[in-house]
Structure formats: structure tokens, C-alpha cells
Amino acid sequence: QTPILSSKSTMILLHFYGANYSKTKFITLAVVSFLLSFSSLSHQQPLFPPSSFIANPRLQKAFIALQAWKHSILSDPNNFTSNWDGFDVCSYNGIFCAPALDDPSIQTVAGIDLNHANISGYLPEELGLLDDLTLFHLNSNLFTGTVPETFHNLHLLYELDLSNNQFHGPFPSVLLSLPSLKYLDIRYNNFEGTIPSILFDLALDALFLNNNNFTSSFPTNVGNSPVSVLVLANNKLTGCVPSTISNMAATLREIIIMNVGLSGCLPMDIGELSNVTVLDVSFNEIEDELPESIGSMERVEQLNVGHNKLRGEVPDSICSLPNLENFTYSFNYFESEADKCLKLKAKDDTFNCIPRRPLQRSALECKAFLSYPVDCNVFGCSASPPPPLPPPPPPPLPPPPPPPPPIQSPPPPCSPPPWV
């Protein structure tokens with residue numbers, strides 16, 4: 001399909017050809033006139049650089065996209081894109097070419113990696129021309145703006161890392177339509193608004209949304225997600241951890257939902273996450289006791305429930321987990337801890353209500369807090385109990401007794417005939 005260029009893209013090409021005239025010696029006034037003839041046309045006119053300079057149409061489109069991007073860069077202090085000035089796009093810094101998946105005889109741009117380049121600018125719509133792109137990494141730059149809607153053309157995109165930039169606006173809904181996407185990292189940006197629930201129905205493997213400005217309810221369908229890593233930390237979410245989180249048991253390895261505003265109680269079902277190695281729910285408003293079922297999560301290495309409103313005893317089963325390396329349960333209201341917990345090398349039990357332990361809350365503060373009981377049902381997050389079973393049917397009535405045999409009346413006495 002012929003790419004459609006804006007008049008801006010046309011002028012970018014004109015600028016490129018003019019700037020490289022002395023280098024190539026192949027650009028004639030006729031070619032420049034040809035380009036100028038298109039500059040006054042509508043934005044619906046197709047335009048390619050001359051095919052004699054670029055190996056195939058896919059690299060032609062890549063040339064257009066990358067030149068548009070170069071002209072959208074506002075600052076490049078490390079001169080990362082300084083060699084983005086020739087027709088050989090496969091030699092550009094951060095650009096990786098490979099045989100096309102549908103035609104191995106054709107080279108195409110398959111990956112972009114500008115991580116830690118400290119570039120500022122924005123993403124132009126022309127990037128949607130890179131429809132063979134499988135990897136797009138922009139970690140740790142200063143890009144701003146939004147994700148172009150033309151990204152819906154990137155049907156092969158497998159990894160997208162926009163983390164640690166200055167992107168803003170609502171969650172980029174165009175990312176929900178990428179059929180091949182497995183790794184999505186948009187952390188440390190300024191995205192805001194709600195997190196679309198459909199995101200947790202996608203076949204992703206890793207999802208990083210942390211350190212944005214999302215204000216949303218905690219996704220009740222999170223259990224539908226097949227991710228191995230889920231990080232939602234440092235956003236403004238409301239609600240509780242649903243019991244359906246146990247549906248992630250087969251795939252989930254790490255879950256970090258610290259400092260998001262969770263309330264309510266941790267469901268007992270959380271203990272079914274038997275493959276999890278990292279569980280962090282710290283800096284929330286979680287109440288009641290720590291589910292003893294967590295003691296079944298034998299692969300847990302890092303466990304952090306600090307800075308909540310938990311109470312009761314820290315169970316021995318949790319402190320006996322065979323792979324537990326670090327257990328933080330400070331800044332809660334725990335009243336006791338199993339002896340096994342005291343033997344852990346890396347633990348933090350400070351600022352609780354545990355007798356004879358150092359650095360605990362005052363007795364007055366503990367008494368005031370613990371005098372109010374917790375009812376997990378009031379948060380509306382507990383799993384709905386199954387509907388009551390219908391009453392058993394009444395026992396069948398006994399069969400009616402057989403009817404009594406008919407009574408045979410004796411025959412009437414015979415009267416003697418009158419002649420007797």
C-alpha cells in the first residue's frame with residue numbers, strides 16, 4: 001500500500017534532498033522539481049523517495065518515517081541521531097533491520113532502540129508506516145505528547161517500552177488494538193484517567209503501568225490477565241484485591257501494587273498464587289489479618305505488606321516459607337509474631353503492637369486502633385457467597401394401601417315355594 005504523506009512530510013523530503021545534494025551528486029534539478037510538484041498537492045498525495053536510492057518499498061517507507069521523526073526531535077544532546085541523514089536507514093543508530101517475516105528476501109526495519117539517549121521531541125504520525133516493527137524501545141528519554149493513532153498499523157509489534165518519558169493524556173487506546181503485543185511498559189510518564197478494563201483481557205506477558213497519574217478502580221477482571229509480571233504501583237486506584245486474582249496462578253510471577261490506595265482485606269484466595277516470587281502490597285489501607293494461605297506460596301522470595309492496617313498474628317507458616325529472603329511487615333498493628341519470624345535474617349517488624357519488640361507503637365495508639373473490629377464484608381470486595389442450595393425435595397409419599405377386598409354379602413335365604 002502506498003503511504004500517504006502530509007505536506008510537512010513532503011517538505012521534510014525536500015529538505016533532505018537539498019541538504020544531501022553535495023554528498024550524493026545524484027540529485028538533479030529534475031528530481032527536485034518533481035518533489036516540488038507534489039508539495040502543493042493535498043495531503044492525500046503519495047510520495048516516495050526515488051527507488052533507485054533505496055533497496056525496496058518497505059525501506060522507502062521507513063526512510064519517510066524516520067526522516068519525519070528526525071524533524072520531530074527538539075533536542076539530541078548526545079547526537080544519537082546524527083547519522084540519520086542517508087538513504088541507508090539500516091545504518092542509522094538505534095535502527096535494526098532484518099528479513100521481513102512474510103518475505104525473507106526483503107530487508108525491513110524490525111526494531112528501534114533509543115533507550116537512554118536523552119532525546120526530547122514527540123512521535124510523528126509517520127511512524128505508523130513502520131508496519132514490520134516488532135520492537136520499539138524509548139526508555140529514559142524526554143519524549144512528550146501522545147501515542148499516534150497510526151500505531152494501529154503496527155500489527156507485528158511485540159515489545160513496546162515508552163517508560164521514563166513525559167508522555168501524557170489518557171491511556172493510549174490505540175495500544176489495545178495491537179494483536180501481537182506481549183510486553184507493554186509505559187511506567188514513569190504522565191498518563192492519567194482510567195485504566196481500561198479490557199487491558200486485562202489481552203494476551204500480554206508483562207504489564208508495567210506504575211508511576212503515572214491513573215485514577216481508576218482496581219480492575220475486577222485482573223484475574224483474566226495471563227501476565228507473568230504486573231506492576232501498578234504509585235497510581236491512584238480504589239477498591240480491593242478481588243478473590244479472582246487466584247485465576248492468575250498459572251502465569252503470575254511478580255505482582256507489585258504498592259501505594260495505590262487499596263482498601264479492604266486480602267482474599268484468602270491470594271495463597272493460590274503458587275508461582276509468585278515477589279508480592280508487594282505495601283503503602284495501602286489493607287485491613288484485618290494477614291491470610292495464612294500466603295504460607296502456601298512456597299516460591300515467594302520478597303514479601304512486603306508494610307504500611308497498612310493489618311492486625312492479629314504474623315503466621316508461622318509465612319515465616320517458614322522455604323525461599324523467603326525478605327519479609328517486611330512494619331507499620332501495621334500486628335499484635336504478635338510467630339517465633340519463626342524472629343529468626344528471619346531480613347525482616348522488618350517495627351512500628352507494630354508486638355510486646356517486647358523494639359520500636360513499636362505506643363500502647364495507647366494500639367489500644368485505640370484495635371478497639372474497632374474489622375468486618376471485611378463492609379468493603380464490598382469479598383467474594384459473593386454462592387447462592388443457597390434449594391431445599392431438598394420432600395420425600396416421596398408412600399404408595400396408597402391397596403383397596404380392601406370387596407365384602408361378599410351372603411345370599412338371601414330361600415323362601416319355600418308356596419305349595420310346600
# chains A, B, ... in the order shown; residues from 1 in each chain; ligands from 1
call {"tool": "residues_around", "arguments": {"residues": "region 147-161 of chain A", "least_positions_apart": "6", "cutoff": "6 Å", "atoms": "only C-alpha atoms", "output": "PyMOL selection string"}}
result
chain A and resi 125+128+131+133-138+174+178-185
call {"tool": "select_by_dssp", "arguments": {"residues": "region 106-302 of chain A", "states": "helix (DSSP H, G or I)", "output": "MDAnalysis selection string"}}
result
chainID A and resid 125:129 149:153 173:177 197:201 222:224 243:248 268:272 292:296
call {"tool": "write_last_selection", "arguments": {"atoms": "N, CA and C atoms", "output": "tab-separated table (two decimals), in the first residue's frame"}}
result
chain	number	residue	atom	x	y	z
A	125	GLU	N	3.09	11.03	13.27
A	125	GLU	CA	2.15	10.04	12.74
A	125	GLU	C	2.83	9.10	11.74
A	126	GLU	N	3.87	9.59	11.07
A	126	GLU	CA	4.54	8.77	10.04
A	126	GLU	C	5.14	7.49	10.60
A	127	LEU	N	5.32	7.40	11.91
A	127	LEU	CA	5.85	6.16	12.48
A	127	LEU	C	4.92	4.98	12.21
A	128	GLY	N	3.68	5.26	11.92
A	128	GLY	CA	2.74	4.20	11.56
A	128	GLY	C	3.09	3.50	10.25
A	129	LEU	N	4.03	4.08	9.48
A	129	LEU	CA	4.49	3.43	8.25
A	129	LEU	C	5.38	2.23	8.53
A	149	GLU	N	-2.29	7.70	16.69
A	149	GLU	CA	-3.30	6.70	16.34
A	149	GLU	C	-2.83	5.79	15.22
A	150	THR	N	-1.85	6.26	14.44
A	150	THR	CA	-1.34	5.43	13.34
A	150	THR	C	-0.61	4.19	13.83
A	151	PHE	N	-0.37	4.10	15.14
A	151	PHE	CA	0.26	2.90	15.68
A	151	PHE	C	-0.62	1.66	15.47
A	152	HIS	N	-1.86	1.86	15.11
A	152	HIS	CA	-2.72	0.69	14.88
A	152	HIS	C	-2.22	-0.13	13.69
A	153	ASN	N	-1.34	0.48	12.87
A	153	ASN	CA	-0.76	-0.27	11.74
A	153	ASN	C	0.35	-1.22	12.17
A	173	SER	N	-5.39	4.35	23.84
A	173	SER	CA	-6.30	3.26	23.48
A	173	SER	C	-5.86	2.53	22.23
A	174	VAL	N	-5.05	3.18	21.39
A	174	VAL	CA	-4.59	2.51	20.17
A	174	VAL	C	-3.79	1.25	20.51
A	175	LEU	N	-3.19	1.21	21.69
A	175	LEU	CA	-2.40	0.04	22.07
A	175	LEU	C	-3.27	-1.18	22.32
A	176	LEU	N	-4.55	-0.97	22.54
A	176	LEU	CA	-5.45	-2.10	22.79
A	176	LEU	C	-5.75	-2.89	21.52
A	177	SER	N	-5.36	-2.34	20.38
A	177	SER	CA	-5.70	-3.00	19.10
A	177	SER	C	-4.50	-3.68	18.46
A	197	SER	N	-10.44	-1.58	31.44
A	197	SER	CA	-10.50	-2.95	31.95
A	197	SER	C	-10.16	-3.97	30.88
A	198	ILE	N	-10.41	-3.62	29.61
A	198	ILE	CA	-10.12	-4.57	28.53
A	198	ILE	C	-8.63	-4.90	28.47
A	199	LEU	N	-7.79	-4.03	29.03
A	199	LEU	CA	-6.35	-4.28	29.04
A	199	LEU	C	-6.02	-5.61	29.69
A	200	PHE	N	-6.82	-6.00	30.68
A	200	PHE	CA	-6.53	-7.22	31.42
A	200	PHE	C	-7.15	-8.46	30.76
A	201	ASP	N	-7.78	-8.24	29.62
A	201	ASP	CA	-8.27	-9.36	28.81
A	201	ASP	C	-7.33	-9.67	27.65
A	222	VAL	N	-8.90	-8.42	36.79
A	222	VAL	CA	-7.45	-8.62	36.73
A	222	VAL	C	-7.11	-10.10	36.63
A	223	GLY	N	-7.95	-10.95	37.17
A	223	GLY	CA	-7.70	-12.39	37.12
A	223	GLY	C	-7.74	-12.97	35.72
A	224	ASN	N	-8.26	-12.20	34.75
A	224	ASN	CA	-8.29	-12.68	33.37
A	224	ASN	C	-6.93	-12.56	32.69
A	243	SER	N	-10.94	-11.61	44.80
A	243	SER	CA	-10.58	-13.02	45.01
A	243	SER	C	-10.23	-13.72	43.70
A	244	THR	N	-10.72	-13.16	42.58
A	244	THR	CA	-10.43	-13.77	41.28
A	244	THR	C	-8.98	-13.63	40.87
A	245	ILE	N	-8.18	-12.92	41.68
A	245	ILE	CA	-6.75	-12.83	41.37
A	245	ILE	C	-6.11	-14.22	41.35
A	246	SER	N	-6.74	-15.15	42.03
A	246	SER	CA	-6.20	-16.52	42.05
A	246	SER	C	-6.23	-17.16	40.67
A	247	ASN	N	-7.02	-16.59	39.74
A	247	ASN	CA	-7.06	-17.13	38.38
A	247	ASN	C	-5.74	-16.93	37.63
A	248	MET	N	-4.85	-16.09	38.19
A	248	MET	CA	-3.57	-15.82	37.56
A	248	MET	C	-2.49	-16.80	38.01
A	268	MET	N	-8.46	-14.72	50.92
A	268	MET	CA	-7.77	-15.98	51.20
A	268	MET	C	-7.24	-16.61	49.92
A	269	ASP	N	-7.90	-16.34	48.80
A	269	ASP	CA	-7.51	-16.95	47.53
A	269	ASP	C	-6.13	-16.52	47.08
A	270	ILE	N	-5.59	-15.46	47.66
A	270	ILE	CA	-4.28	-14.99	47.23
A	270	ILE	C	-3.21	-16.06	47.43
A	271	GLY	N	-3.43	-16.94	48.37
A	271	GLY	CA	-2.48	-18.01	48.62
A	271	GLY	C	-2.37	-19.01	47.50
A	272	GLU	N	-3.29	-18.96	46.53
A	272	GLU	CA	-3.23	-19.88	45.40
A	272	GLU	C	-2.23	-19.44	44.34
A	292	GLU	N	-3.45	-16.58	56.24
A	292	GLU	CA	-2.48	-17.66	56.47
A	292	GLU	C	-2.21	-18.43	55.20
A	293	SER	N	-3.11	-18.30	54.22
A	293	SER	CA	-2.91	-19.02	52.95
A	293	SER	C	-1.64	-18.56	52.23
A	294	ILE	N	-1.13	-17.37	52.57
A	294	ILE	CA	0.12	-16.92	51.96
A	294	ILE	C	1.24	-17.91	52.29
A	295	GLY	N	1.09	-18.64	53.38
A	295	GLY	CA	2.07	-19.65	53.74
A	295	GLY	C	2.14	-20.80	52.76
A	296	SER	N	1.24	-20.82	51.78
A	296	SER	CA	1.29	-21.86	50.74
A	296	SER	C	2.06	-21.39	49.51
call {"tool": "closest_residue", "arguments": {"among": "A:Ile354, A:Ile195, A:Leu74, A:Leu303", "to": "Asn141 (chain A)", "atoms": "only C-alpha atoms"}}
result
A:Leu74
call {"tool": "select_by_dssp", "arguments": {"residues": "region 264-394 of chain A", "states": "strand (DSSP E)", "output": "ChimeraX atom specification"}}
result
/A:278-280,287-289,302-304,309-314,326-328,333-337,347-348
call {"tool": "atom_distance", "arguments": {"atom1": "CA of Asn212 (chain A)", "atom2": "CA of Leu232 (chain A)"}}
result
9.0 Å
call {"tool": "closest_residue", "arguments": {"among": "A:Ile106, A:Val314, A:Leu279, A:Ile73", "to": "Gly121 (chain A)", "atoms": "only C-alpha atoms"}}
result
A:Ile73
call {"tool": "atom_distance", "arguments": {"atom1": "CA of Pro226 (chain A)", "atom2": "CA of Leu101 (chain A)"}}
result
25.8 Å
call {"tool": "closest_residue", "arguments": {"among": "A:Tyr329, A:Pro99, A:Ser120, A:Phe171", "to": "Thr144 (chain A)", "atoms": "only C-alpha atoms"}}
result
A:Ser120
call {"tool": "residues_around", "arguments": {"residues": "Glu313 (chain A)", "least_positions_apart": "5", "cutoff": "6 Å", "atoms": "only C-alpha atoms", "output": "PyMOL selection string"}}
result
chain A and resi 334-337
call {"tool": "atom_distance", "arguments": {"atom1": "CA of Val89 (chain A)", "atom2": "CA of Pro172 (chain A)"}}
result
27.8 Å
